[in-house]
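What follows is input-v6.cif (mmCIF, C-alpha atoms).
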data_entry
loop_
_atom_site.group_PDB
_atom_site.id
_atom_site.type_symbol
_atom_site.label_atom_id
_atom_site.label_comp_id
_atom_site.auth_asym_id
_atom_site.auth_seq_id
_atom_site.Cartn_x
_atom_site.Cartn_y
_atom_site.Cartn_z
ATOM 1 C CA MET J 1 -20.004 53.391 46.307
ATOM 2 C CA GLU J 2 -21.260 50.543 48.482
ATOM 3 C CA LYS J 3 -18.749 47.736 48.926
ATOM 4 C CA GLN J 4 -18.891 44.157 50.142
ATOM 5 C CA ILE J 5 -17.085 44.252 53.489
ATOM 6 C CA PHE J 6 -16.267 41.138 55.531
ATOM 7 C CA ASN J 7 -15.381 41.102 59.203
ATOM 8 C CA SER J 8 -14.879 37.344 59.070
ATOM 9 C CA CYS J 9 -14.337 34.622 56.497
ATOM 10 C CA PRO J 10 -17.452 34.370 54.303
ATOM 11 C CA LEU J 11 -16.987 30.601 54.000
ATOM 12 C CA CYS J 12 -16.356 29.356 57.541
ATOM 13 C CA GLY J 13 -16.970 32.449 59.660
ATOM 14 C CA SER J 14 -13.482 32.548 61.148
ATOM 15 C CA PRO J 15 -12.376 36.082 62.154
ATOM 16 C CA GLU J 16 -8.730 35.244 61.425
ATOM 17 C CA THR J 17 -7.684 36.371 57.963
ATOM 18 C CA THR J 18 -4.331 37.420 56.592
ATOM 19 C CA PHE J 19 -3.055 39.463 53.673
ATOM 20 C CA TYR J 20 -2.591 37.419 50.488
ATOM 21 C CA SER J 21 -1.811 39.841 47.645
ATOM 22 C CA TYR J 22 -2.604 43.138 45.952
ATOM 23 C CA CYS J 23 -4.077 42.813 42.454
ATOM 24 C CA THR J 24 -4.916 45.416 39.826
ATOM 25 C CA ASP J 25 -8.039 45.631 37.697
ATOM 26 C CA PHE J 26 -6.116 45.707 34.410
ATOM 27 C CA ALA J 27 -9.251 45.299 32.289
ATOM 28 C CA VAL J 28 -11.341 48.329 33.259
ATOM 29 C CA SER J 29 -10.681 50.666 36.166
ATOM 30 C CA LYS J 30 -6.930 50.158 36.871
ATOM 31 C CA GLU J 31 -7.862 50.204 40.566
ATOM 32 C CA GLN J 32 -5.988 48.045 43.045
ATOM 33 C CA PHE J 33 -7.748 45.553 45.314
ATOM 34 C CA MET J 34 -6.491 43.531 48.247
ATOM 35 C CA LEU J 35 -6.929 39.777 48.497
ATOM 36 C CA LEU J 36 -7.322 38.191 51.928
ATOM 37 C CA ARG J 37 -6.863 34.555 52.925
ATOM 38 C CA CYS J 38 -8.723 32.785 55.699
ATOM 39 C CA ILE J 39 -6.264 31.126 58.068
ATOM 40 C CA SER J 40 -8.814 28.481 59.039
ATOM 41 C CA CYS J 41 -10.231 27.203 55.720
ATOM 42 C CA GLY J 42 -7.842 28.668 53.154
ATOM 43 C CA LEU J 43 -10.388 30.612 51.081
ATOM 44 C CA VAL J 44 -8.922 33.624 49.257
ATOM 45 C CA PHE J 45 -11.348 36.462 48.568
ATOM 46 C CA THR J 46 -11.373 40.021 47.225
ATOM 47 C CA ASP J 47 -11.707 42.596 49.978
ATOM 48 C CA ASN J 48 -13.965 45.635 49.464
ATOM 49 C CA ALA J 49 -15.341 44.495 46.104
ATOM 50 C CA PRO J 50 -18.263 46.615 44.835
ATOM 51 C CA ASP J 51 -21.732 45.373 45.722
ATOM 52 C CA GLU J 52 -23.973 43.876 43.019
ATOM 53 C CA GLN J 53 -25.572 47.210 42.123
ATOM 54 C CA HIS J 54 -22.248 48.924 41.464
ATOM 55 C CA MET J 55 -20.417 45.987 39.890
ATOM 56 C CA THR J 56 -22.001 46.710 36.492
ATOM 57 C CA SER J 57 -19.590 49.588 35.897
ATOM 58 C CA TYR J 58 -16.744 47.059 36.173
ATOM 59 C CA ASP J 59 -18.546 44.285 34.310
ATOM 60 C CA ARG J 60 -19.409 45.899 30.994
ATOM 61 C CA LEU J 61 -16.487 44.972 28.797
ATOM 62 C CA LYS J 62 -17.493 46.301 25.375
ATOM 63 C CA HIS J 63 -15.790 44.160 22.790
ATOM 64 C CA ARG J 64 -17.149 42.354 19.758
ATOM 65 C CA LEU J 65 -15.948 38.932 20.850
ATOM 66 C CA LYS J 66 -18.428 38.783 23.696
ATOM 67 C CA LEU J 67 -21.571 39.326 21.655
ATOM 68 C CA GLY J 68 -20.600 38.378 18.137
ATOM 69 C CA ASP J 69 -18.840 35.878 15.946
ATOM 70 C CA ASP J 70 -16.291 38.190 14.294
ATOM 71 C CA PRO J 71 -13.404 38.397 16.782
ATOM 72 C CA GLU J 72 -10.541 40.845 16.330
ATOM 73 C CA GLY J 73 -6.881 40.019 16.889
ATOM 74 C CA LEU J 74 -5.021 36.721 17.193
ATOM 75 C CA THR J 75 -5.839 36.144 20.858
ATOM 76 C CA ASP J 76 -9.540 36.814 20.354
ATOM 77 C CA ARG J 77 -9.652 34.494 17.351
ATOM 78 C CA LEU J 78 -7.929 31.801 19.397
ATOM 79 C CA PHE J 79 -10.411 32.218 22.227
ATOM 80 C CA PHE J 80 -13.370 32.103 19.857
ATOM 81 C CA ARG J 81 -12.139 28.917 18.152
ATOM 82 C CA VAL J 82 -11.399 27.226 21.475
ATOM 83 C CA ARG J 83 -14.795 28.198 22.875
ATOM 84 C CA LYS J 84 -16.509 26.576 19.909
ATOM 85 C CA ASN J 85 -14.372 23.431 20.065
ATOM 86 C CA MET J 86 -14.893 23.065 23.828
ATOM 87 C CA LEU J 87 -18.675 22.660 23.513
ATOM 88 C CA PRO J 88 -18.546 18.910 22.781
ATOM 89 C CA ARG J 89 -16.066 18.370 25.625
ATOM 90 C CA LYS J 90 -18.309 20.192 28.080
ATOM 91 C CA ALA J 91 -21.282 18.150 26.912
ATOM 92 C CA ARG J 92 -19.321 14.912 27.441
ATOM 93 C CA ILE J 93 -18.449 15.949 30.990
ATOM 94 C CA VAL J 94 -22.109 16.605 31.764
ATOM 95 C CA GLU J 95 -23.382 13.382 30.216
ATOM 96 C CA LYS J 96 -20.636 11.208 31.723
ATOM 97 C CA CYS J 97 -21.167 12.518 35.254
ATOM 98 C CA ALA J 98 -24.971 12.682 35.064
ATOM 99 C CA TYR J 99 -25.163 9.155 33.595
ATOM 100 C CA ARG J 100 -27.631 10.342 30.979
ATOM 101 C CA SER J 101 -27.631 11.752 27.445
ATOM 102 C CA GLU J 102 -30.730 13.907 27.913
ATOM 103 C CA GLY J 103 -32.710 15.481 30.720
ATOM 104 C CA SER J 104 -33.411 18.829 32.333
ATOM 105 C CA LEU J 105 -30.490 21.240 32.598
ATOM 106 C CA MET J 106 -30.104 24.735 34.014
ATOM 107 C CA ASN J 107 -27.218 26.771 32.609
ATOM 108 C CA TYR J 108 -26.715 29.528 35.169
ATOM 109 C CA GLY J 109 -24.843 32.581 33.912
ATOM 110 C CA ALA J 110 -25.367 31.456 30.325
ATOM 111 C CA LYS J 111 -23.827 34.581 28.757
ATOM 112 C CA THR J 112 -24.638 34.547 25.022
ATOM 113 C CA GLY J 113 -26.037 31.021 24.980
ATOM 114 C CA TRP J 114 -23.513 28.974 23.006
ATOM 115 C CA PHE J 115 -23.458 26.060 25.455
ATOM 116 C CA SER J 116 -27.221 26.230 26.054
ATOM 117 C CA SER J 117 -27.931 26.076 22.330
ATOM 118 C CA TYR J 118 -25.517 23.182 21.857
ATOM 119 C CA MET J 119 -27.161 21.145 24.636
ATOM 120 C CA GLU J 120 -30.634 21.864 23.248
ATOM 121 C CA LYS J 121 -29.573 20.467 19.891
ATOM 122 C CA LYS J 122 -28.404 17.323 21.680
ATOM 123 C CA GLY J 123 -31.877 16.835 23.101
ATOM 124 C CA TRP J 124 -31.619 18.379 26.556
ATOM 125 C CA LYS J 125 -34.385 20.558 27.961
ATOM 126 C CA VAL J 126 -32.400 23.696 28.831
ATOM 127 C CA THR J 127 -33.304 26.625 31.062
ATOM 128 C CA SER J 128 -30.771 29.442 30.739
ATOM 129 C CA VAL J 129 -30.288 32.148 33.360
ATOM 130 C CA GLU J 130 -28.508 35.389 32.482
ATOM 131 C CA ASN J 131 -28.409 38.703 34.314
ATOM 132 C CA TYR J 132 -27.718 41.005 31.362
ATOM 133 C CA HIS J 133 -30.317 41.980 28.795
ATOM 134 C CA GLU J 134 -27.803 42.263 25.916
ATOM 135 C CA GLU J 135 -26.750 38.627 26.274
ATOM 136 C CA ARG J 136 -30.355 37.427 26.540
ATOM 137 C CA LEU J 137 -31.263 39.374 23.404
ATOM 138 C CA PHE J 138 -28.268 37.985 21.508
ATOM 139 C CA SER J 139 -29.246 34.424 22.447
ATOM 140 C CA LEU J 140 -32.789 34.989 21.253
ATOM 141 C CA GLU J 141 -31.673 36.460 17.920
ATOM 142 C CA MET J 142 -28.752 34.108 17.292
ATOM 143 C CA PHE J 143 -30.096 30.788 18.581
ATOM 144 C CA HIS J 144 -33.841 31.462 19.062
ATOM 145 C CA HIS J 145 -33.214 30.470 22.674
ATOM 146 C CA ARG J 146 -35.053 32.437 25.350
ATOM 147 C CA MET J 147 -33.240 33.065 28.624
ATOM 148 C CA ILE J 148 -34.692 34.101 31.945
ATOM 149 C CA ASP J 149 -33.455 36.821 34.273
ATOM 150 C CA VAL J 150 -31.852 35.937 37.595
ATOM 151 C CA SER J 151 -34.901 37.332 39.396
ATOM 152 C CA GLU J 152 -37.090 34.651 37.748
ATOM 153 C CA VAL J 153 -35.184 31.730 39.289
ATOM 154 C CA GLU J 154 -37.245 31.902 42.487
ATOM 155 C CA ASN J 155 -40.345 31.049 40.428
ATOM 156 C CA LEU J 156 -38.914 27.739 39.198
ATOM 157 C CA LYS J 157 -40.306 24.493 40.571
ATOM 158 C CA PRO J 158 -38.157 22.735 43.219
ATOM 159 C CA GLU J 159 -36.455 19.480 42.192
ATOM 160 C CA SER J 160 -37.026 20.153 38.498
ATOM 161 C CA PHE J 161 -33.460 19.786 37.156
ATOM 162 C CA ASP J 162 -31.100 16.859 36.656
ATOM 163 C CA VAL J 163 -28.079 19.110 36.099
ATOM 164 C CA VAL J 164 -27.042 22.686 36.946
ATOM 165 C CA THR J 165 -23.961 24.126 35.225
ATOM 166 C CA LEU J 166 -21.901 27.245 35.917
ATOM 167 C CA TRP J 167 -19.070 27.896 33.469
ATOM 168 C CA HIS J 168 -16.787 30.525 35.038
ATOM 169 C CA VAL J 169 -19.696 32.154 36.855
ATOM 170 C CA PHE J 170 -19.592 31.050 40.491
ATOM 171 C CA GLU J 171 -16.522 33.155 41.330
ATOM 172 C CA HIS J 172 -18.578 36.264 40.423
ATOM 173 C CA SER J 173 -21.428 35.550 42.848
ATOM 174 C CA ALA J 174 -22.090 38.106 45.567
ATOM 175 C CA ASN J 175 -23.722 35.452 47.783
ATOM 176 C CA PRO J 176 -22.392 31.934 47.098
ATOM 177 C CA HIS J 177 -24.170 30.458 50.151
ATOM 178 C CA LYS J 178 -27.578 31.549 48.909
ATOM 179 C CA LEU J 179 -26.770 30.368 45.398
ATOM 180 C CA LEU J 180 -25.771 26.881 46.558
ATOM 181 C CA ASP J 181 -28.944 26.575 48.630
ATOM 182 C CA THR J 182 -30.958 27.541 45.549
ATOM 183 C CA PHE J 183 -29.264 24.906 43.418
ATOM 184 C CA HIS J 184 -29.781 22.247 46.078
ATOM 185 C CA SER J 185 -33.492 23.042 46.079
ATOM 186 C CA LEU J 186 -33.785 23.012 42.278
ATOM 187 C CA LEU J 187 -31.910 19.744 41.706
ATOM 188 C CA ARG J 188 -33.667 16.412 41.803
ATOM 189 C CA PRO J 189 -32.375 13.799 44.282
ATOM 190 C CA GLY J 190 -28.960 12.711 43.070
ATOM 191 C CA GLY J 191 -28.741 15.622 40.621
ATOM 192 C CA ILE J 192 -25.351 17.091 39.761
ATOM 193 C CA LEU J 193 -23.951 20.580 40.117
ATOM 194 C CA LEU J 194 -21.090 21.381 37.759
ATOM 195 C CA ILE J 195 -18.897 24.384 38.600
ATOM 196 C CA ALA J 196 -15.955 25.464 36.441
ATOM 197 C CA CYS J 197 -13.697 28.168 37.856
ATOM 198 C CA PRO J 198 -10.060 29.329 37.924
ATOM 199 C CA ASN J 199 -7.688 27.491 40.232
ATOM 200 C CA ILE J 200 -5.610 29.659 42.523
ATOM 201 C CA ARG J 201 -3.130 26.784 43.010
ATOM 202 C CA SER J 202 -2.496 26.363 39.297
ATOM 203 C CA ALA J 203 0.997 26.448 37.843
ATOM 204 C CA ASP J 204 0.249 29.662 35.952
ATOM 205 C CA ALA J 205 -1.247 31.358 39.047
ATOM 206 C CA LEU J 206 1.908 30.620 41.030
ATOM 207 C CA HIS J 207 4.118 31.748 38.136
ATOM 208 C CA TYR J 208 2.415 35.086 37.349
ATOM 209 C CA GLY J 209 1.523 36.100 40.914
ATOM 210 C CA PRO J 210 -0.518 39.345 41.069
ATOM 211 C CA TYR J 211 -0.418 39.600 37.254
ATOM 212 C CA TRP J 212 -2.320 36.334 36.833
ATOM 213 C CA ALA J 213 -5.234 37.285 34.570
ATOM 214 C CA ALA J 214 -7.702 34.938 36.252
ATOM 215 C CA TYR J 215 -7.666 36.986 39.453
ATOM 216 C CA ASN J 216 -9.739 39.434 37.384
ATOM 217 C CA VAL J 217 -10.534 41.680 40.353
ATOM 218 C CA PRO J 218 -13.007 42.925 41.392
ATOM 219 C CA ARG J 219 -15.289 40.868 39.120
ATOM 220 C CA HIS J 220 -13.947 37.675 40.663
ATOM 221 C CA ARG J 221 -14.892 37.920 44.316
ATOM 222 C CA TRP J 222 -13.703 34.413 45.269
ATOM 223 C CA HIS J 223 -10.459 32.661 44.386
ATOM 224 C CA PHE J 224 -10.868 28.939 44.958
ATOM 225 C CA ASP J 225 -8.674 25.910 45.064
ATOM 226 C CA ALA J 226 -10.046 22.374 45.234
ATOM 227 C CA MET J 227 -10.076 22.267 49.020
ATOM 228 C CA SER J 228 -11.874 25.561 49.672
ATOM 229 C CA LEU J 229 -14.569 25.008 47.026
ATOM 230 C CA THR J 230 -15.202 21.438 48.174
ATOM 231 C CA LYS J 231 -15.565 22.630 51.786
ATOM 232 C CA LEU J 232 -18.035 25.293 50.726
ATOM 233 C CA ALA J 233 -20.126 22.897 48.647
ATOM 234 C CA SER J 234 -20.125 20.313 51.454
ATOM 235 C CA ARG J 235 -21.661 22.860 53.829
ATOM 236 C CA HIS J 236 -24.630 22.997 51.463
ATOM 237 C CA SER J 237 -25.056 19.228 51.134
ATOM 238 C CA PHE J 238 -23.062 18.615 47.969
ATOM 239 C CA THR J 239 -20.387 15.942 47.693
ATOM 240 C CA LEU J 240 -17.512 16.038 45.196
ATOM 241 C CA MET J 241 -17.779 13.246 42.616
ATOM 242 C CA HIS J 242 -15.165 14.175 40.074
ATOM 243 C CA HIS J 243 -12.976 16.976 38.808
ATOM 244 C CA GLU J 244 -10.952 17.568 35.662
ATOM 245 C CA ILE J 245 -9.093 20.362 33.929
ATOM 246 C CA LEU J 246 -10.125 22.649 31.076
ATOM 247 C CA PRO J 247 -6.978 22.168 28.963
ATOM 248 C CA PHE J 248 -6.980 25.345 26.861
ATOM 249 C CA ASP J 249 -7.438 27.780 29.747
ATOM 250 C CA SER J 250 -3.763 27.653 30.711
ATOM 251 C CA PHE J 251 -2.812 29.006 27.263
ATOM 252 C CA TYR J 252 -5.383 31.804 27.166
ATOM 253 C CA ILE J 253 -4.781 32.912 30.764
ATOM 254 C CA SER J 254 -1.001 32.843 30.281
ATOM 255 C CA ILE J 255 -1.245 35.020 27.160
ATOM 256 C CA LEU J 256 -3.425 37.575 28.979
ATOM 257 C CA SER J 257 -1.073 37.525 31.971
ATOM 258 C CA GLU J 258 1.947 38.211 29.758
ATOM 259 C CA ARG J 259 0.069 41.149 28.221
ATOM 260 C CA GLN J 260 -0.722 42.546 31.657
ATOM 261 C CA MET J 261 3.005 42.457 32.405
ATOM 262 C CA HIS J 262 3.603 44.384 29.127
ATOM 263 C CA HIS J 263 6.071 41.795 27.920
ATOM 264 C CA LYS J 264 7.249 41.796 24.337
ATOM 265 C CA LEU J 265 6.137 38.764 22.347
ATOM 266 C CA ALA J 266 3.396 38.259 24.926
ATOM 267 C CA PHE J 267 1.442 35.867 22.708
ATOM 268 C CA LEU J 268 4.443 33.614 22.081
ATOM 269 C CA LYS J 269 5.623 33.670 25.697
ATOM 270 C CA GLY J 270 2.105 32.970 26.897
ATOM 271 C CA MET J 271 1.787 29.999 24.565
ATOM 272 C CA VAL J 272 5.122 28.603 25.786
ATOM 273 C CA PHE J 273 4.315 28.900 29.479
ATOM 274 C CA GLY J 274 0.709 27.843 28.870
ATOM 275 C CA PHE J 275 2.108 24.611 27.413
ATOM 276 C CA ARG J 276 4.301 24.114 30.472
ATOM 277 C CA SER J 277 1.327 24.735 32.746
ATOM 278 C CA TRP J 278 -0.820 22.309 30.766
ATOM 279 C CA ILE J 279 1.866 19.594 30.986
ATOM 280 C CA GLN J 280 2.008 19.997 34.764
ATOM 281 C CA SER J 281 -1.787 19.742 34.965
ATOM 282 C CA THR J 282 -1.759 16.422 33.085
ATOM 283 C CA ILE J 283 0.500 15.049 35.816
ATOM 284 C CA HIS J 284 -1.349 16.709 38.706
ATOM 285 C CA ARG J 285 -4.941 17.876 38.123
ATOM 286 C CA GLY J 286 -4.670 20.186 41.105
ATOM 287 C CA ARG J 287 -2.310 22.353 39.021
ATOM 288 C CA GLY J 288 -4.817 22.978 36.225
ATOM 289 C CA SER J 289 -5.453 26.620 35.309
ATOM 290 C CA SER J 290 -9.202 26.027 35.480
ATOM 291 C CA ILE J 291 -10.937 23.036 37.034
ATOM 292 C CA VAL J 292 -14.382 21.590 36.452
ATOM 293 C CA TYR J 293 -15.838 20.340 39.741
ATOM 294 C CA VAL J 294 -18.747 17.913 39.605
ATOM 295 C CA PHE J 295 -20.803 17.750 42.810
ATOM 296 C CA ARG J 296 -23.726 15.467 43.553
ATOM 297 C CA LYS J 297 -26.667 16.590 45.651
ATOM 298 C CA LYS J 298 -26.757 14.836 49.003
ATOM 299 C CA ASN J 299 -30.081 14.116 50.658
ATOM 300 C CA LEU J 300 -30.337 14.352 54.419
ATOM 301 C CA PRO J 301 -30.247 10.939 56.145
ATOM 302 C CA ARG J 302 -33.638 9.810 57.351
ATOM 303 C CA TYR J 303 -32.773 10.313 61.034
ATOM 304 C CA ASP J 304 -31.673 13.892 60.264
ATOM 305 C CA GLN J 305 -34.942 14.594 58.464
ATOM 306 C CA THR J 306 -36.948 13.166 61.382
ATOM 307 C CA LYS J 307 -34.940 15.196 63.868
ATOM 308 C CA LYS J 308 -35.463 18.376 61.823
ATOM 309 C CA GLU J 309 -39.245 17.729 61.671
ATOM 310 C CA GLU J 310 -39.347 17.219 65.421
ATOM 311 C CA GLU J 311 -37.426 20.453 66.015
ATOM 312 C CA ASP J 312 -39.828 22.345 63.736
#

Can you turn what I pasted into structure tokens?
Amino acid sequence: MEKQIFNSCPLCGSPETTFYSYCTDFAVSKEQFMLLRCISCGLVFTDNAPDEQHMTSYDRLKHRLKLGDDPEGLTDRLFFRVRKNMLPRKARIVEKCAYRSEGSLMNYGAKTGWFSSYMEKKGWKVTSVENYHEERLFSLEMFHHRMIDVSEVENLKPESFDVVTLWHVFEHSANPHKLLDTFHSLLRPGGILLIACPNIRSADALHYGPYWAAYNVPRHRWHFDAMSLTKLASRHSFTLMHHEILPFDSFYISILSERQMHHKLAFLKGMVFGFRSWIQSTIHRGRGSSIVYVFRKKNLPRYDQTKKEEED
């Protein structure tokens, strides 16, 4: 199997990395993966993760919750209800930070299309991108919403979107640099890029250590905190405007983490610590289990553009 091997930090290029933790793929393979931390920029990343071609064998979690609306078990029902109730909150974040109630939006990694469909009903022109055929088919049958494959993104017109959203998708990307360059090209001047991902500095991450469910190795290649993600986005001409927490993630992640530790009363214990984690995040956003980062596209200053043209 081909693996993604790094001889230096994939964010800043520094050759100095150090051991961070060992984590187990509790969901699928039960394999153990090592996490490394860059001494220079602080990025934590999964070492020797499978390449894109081989990741599918780790990615295909076959459960009804993902593709349907009839979840099984208390935790799945909780997740399904929260997902539905979070749609208006996500829409408010987009509209507040984009300063508009309609426009052109790309939902990258749209999964089964719940958010895309919701934004379409609110009047947005939505382009959804999803890698897996099953999810695209579900969206078409459930919402009559057609998605495009990742390979079709290169055919989209530059500067054609006001907003690009990634809800728990960016940490899966095999090439985040290329992805950020693509988004910068597709966004109109002043457009916003919204990235939601787990926070490695959250209260629940520090509490559960290698059992923290949001490590989710090897599917999650990158494990960001606010500083490392902001540094990465800045390298691709995005500036951080705003960030806020996703309040229910601390509960769901804590419940899954308790289950991975095989604790009795995992649901109850997870709810209790999830509440503690949520309280801490209301005092300090940097402790949120998951954080929504809102970046604005920066345009090169005029003198930089002139200099670049002269160099070309």

d(atom CA of Ile148 of chain J, atom CA of Gly191 of chain J) in Å: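 Those two atoms sit 21.3 Å apart.
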
Nearest residue to Phe161 of chain J from the set J:Leu265, J:Ile93, J:Tyr215, J:Lys297 (distances using only C-alpha atoms): J:Lys297

Give me the residues near Tyr211 of chain J as a PDB file with C-alpha atoms, keeping the file's coordinate frame, where near means some atom within 12 Å (using all atoms listed in the file) and where sequence neighbours in that chain fewer than 2 positions away do not count.
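The new file selection15.pdb reads:
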ATOM      1  CA  SER J  21      -1.811  39.841  47.645  1.00  0.00           C
ATOM      2  CA  TYR J  22      -2.604  43.138  45.952  1.00  0.00           C
ATOM      3  CA  CYS J  23      -4.077  42.813  42.454  1.00  0.00           C
ATOM      4  CA  THR J  24      -4.916  45.416  39.826  1.00  0.00           C
ATOM      5  CA  ASP J  25      -8.039  45.631  37.697  1.00  0.00           C
ATOM      6  CA  PHE J  26      -6.116  45.707  34.410  1.00  0.00           C
ATOM      7  CA  ALA J  27      -9.251  45.299  32.289  1.00  0.00           C
ATOM      8  CA  GLN J  32      -5.988  48.045  43.045  1.00  0.00           C
ATOM      9  CA  ASP J 204       0.249  29.662  35.952  1.00  0.00           C
ATOM     10  CA  ALA J 205      -1.247  31.358  39.047  1.00  0.00           C
ATOM     11  CA  LEU J 206       1.908  30.620  41.030  1.00  0.00           C
ATOM     12  CA  HIS J 207       4.118  31.748  38.136  1.00  0.00           C
ATOM     13  CA  TYR J 208       2.415  35.086  37.349  1.00  0.00           C
ATOM     14  CA  GLY J 209       1.523  36.100  40.914  1.00  0.00           C
ATOM     15  CA  ALA J 213      -5.234  37.285  34.570  1.00  0.00           C
ATOM     16  CA  ALA J 214      -7.702  34.938  36.252  1.00  0.00           C
ATOM     17  CA  TYR J 215      -7.666  36.986  39.453  1.00  0.00           C
ATOM     18  CA  ASN J 216      -9.739  39.434  37.384  1.00  0.00           C
ATOM     19  CA  VAL J 217     -10.534  41.680  40.353  1.00  0.00           C
ATOM     20  CA  ILE J 253      -4.781  32.912  30.764  1.00  0.00           C
ATOM     21  CA  SER J 254      -1.001  32.843  30.281  1.00  0.00           C
ATOM     22  CA  ILE J 255      -1.245  35.020  27.160  1.00  0.00           C
ATOM     23  CA  LEU J 256      -3.425  37.575  28.979  1.00  0.00           C
ATOM     24  CA  SER J 257      -1.073  37.525  31.971  1.00  0.00           C
ATOM     25  CA  GLU J 258       1.947  38.211  29.758  1.00  0.00           C
ATOM     26  CA  ARG J 259       0.069  41.149  28.221  1.00  0.00           C
ATOM     27  CA  GLN J 260      -0.722  42.546  31.657  1.00  0.00           C
ATOM     28  CA  MET J 261       3.005  42.457  32.405  1.00  0.00           C
ATOM     29  CA  HIS J 262       3.603  44.384  29.127  1.00  0.00           C
ATOM     30  CA  HIS J 263       6.071  41.795  27.920  1.00  0.00           C
TER      31      HIS J 263
END

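From atom CA of Glu95 of chain J back to atom CA of Asn175 of chain J, the distance works out to 28.2 Å.
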
With a cut-off of 6 Å, could you pull out the residues of segment 193-299 of chain J touching segment 39-61 of chain J and give me the nearest pair of atoms for each, distance in Å to one decimal, using only C-alpha atoms, ordered by chain and ascending number, as CSV?
residue,atom,partner,partner_atom,distance
J:Pro218,CA,J:Ala49,CA,5.5
J:Arg221,CA,J:Thr46,CA,5.0
J:Trp222,CA,J:Phe45,CA,4.5
J:His223,CA,J:Val44,CA,5.2
J:Ser228,CA,J:Leu43,CA,5.5

Output check: residues returned by the PyMOL selection byres ((chain J and resi 292) around 7), as a list in words: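 Listing what the PyMOL selection byres ((chain J and resi 292) around 7) selects in the shown file: Leu194, Ile195, Ala196, Cys197, His243, Glu244, Ile245, Leu246, Ser290, Ile291, Tyr293 and Val294 of chain J.
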
Interatomic distance, atom CA of Lys178 of chain J to atom CA of Ser202 of chain J (Å, one decimal): 27.4 Å

Within-8 Å shell of (-20.3, 29.1, 47.6) in input frame, all atoms listed in the file, as a PyMOL selection string: chain J and resi 11+170+175-180+229+232-233

Distance criterion (all atoms listed in the file): nearest to Tyr108 of chain J out of J:Cys12, J:Leu186, J:Tyr252, J:Gly270: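 Answer, going by the shortest atom-to-atom distance: J:Leu186.
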
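The smallest atom-to-atom distance between Val126 of chain J and any of J:Gly103, J:Pro210, J:Pro247, J:Pro88, using all atoms listed in the file, is found for J:Gly103.
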
From J:Glu102, J:Glu135, J:Pro198, J:Val150, residue lying nearest Val163 of chain J [only C-alpha atoms]: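 So, comparing all the options, the nearest one is J:Glu102.
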
Exercise: Arg296 of chain J partners within 10 Å, all atoms listed in the file, chain neighbours under 2 positions left out, as a ChimeraX atom specification: /J:97-98,163,184,187,189-194,233-234,237-242,294,298-299

Residues as selected, C-alpha atoms, written as a PDB file, in the coordinates of the input, can you do that?
ATOM      1  CA  CYS J  97     -21.167  12.518  35.254  1.00  0.00           C
ATOM      2  CA  ALA J  98     -24.971  12.682  35.064  1.00  0.00           C
ATOM      3  CA  VAL J 163     -28.079  19.110  36.099  1.00  0.00           C
ATOM      4  CA  HIS J 184     -29.781  22.247  46.078  1.00  0.00           C
ATOM      5  CA  LEU J 187     -31.910  19.744  41.706  1.00  0.00           C
ATOM      6  CA  PRO J 189     -32.375  13.799  44.282  1.00  0.00           C
ATOM      7  CA  GLY J 190     -28.960  12.711  43.070  1.00  0.00           C
ATOM      8  CA  GLY J 191     -28.741  15.622  40.621  1.00  0.00           C
ATOM      9  CA  ILE J 192     -25.351  17.091  39.761  1.00  0.00           C
ATOM     10  CA  LEU J 193     -23.951  20.580  40.117  1.00  0.00           C
ATOM     11  CA  LEU J 194     -21.090  21.381  37.759  1.00  0.00           C
ATOM     12  CA  ALA J 233     -20.126  22.897  48.647  1.00  0.00           C
ATOM     13  CA  SER J 234     -20.125  20.313  51.454  1.00  0.00           C
ATOM     14  CA  SER J 237     -25.056  19.228  51.134  1.00  0.00           C
ATOM     15  CA  PHE J 238     -23.062  18.615  47.969  1.00  0.00           C
ATOM     16  CA  THR J 239     -20.387  15.942  47.693  1.00  0.00           C
ATOM     17  CA  LEU J 240     -17.512  16.038  45.196  1.00  0.00           C
ATOM     18  CA  MET J 241     -17.779  13.246  42.616  1.00  0.00           C
ATOM     19  CA  HIS J 242     -15.165  14.175  40.074  1.00  0.00           C
ATOM     20  CA  VAL J 294     -18.747  17.913  39.605  1.00  0.00           C
ATOM     21  CA  LYS J 298     -26.757  14.836  49.003  1.00  0.00           C
ATOM     22  CA  ASN J 299     -30.081  14.116  50.658  1.00  0.00           C
TER      23      ASN J 299
END

Residue neighbourhood Ser185 of chain J, 9 Å, only C-alpha atoms, exclusion window fewer than 6 positions, as a PyMOL selection string: chain J and resi 157-160

So for segment 182-188 of chain J, what box centre and size do we get, axis-aligned, 5 Å extra on each of the six sides, every listed atom, Å to one decimal, as AutoDock Vina command-line options?
--center_x -31.5 --center_y 22.0 --center_z 43.9 --size_x 14.5 --size_y 21.1 --size_z 14.4
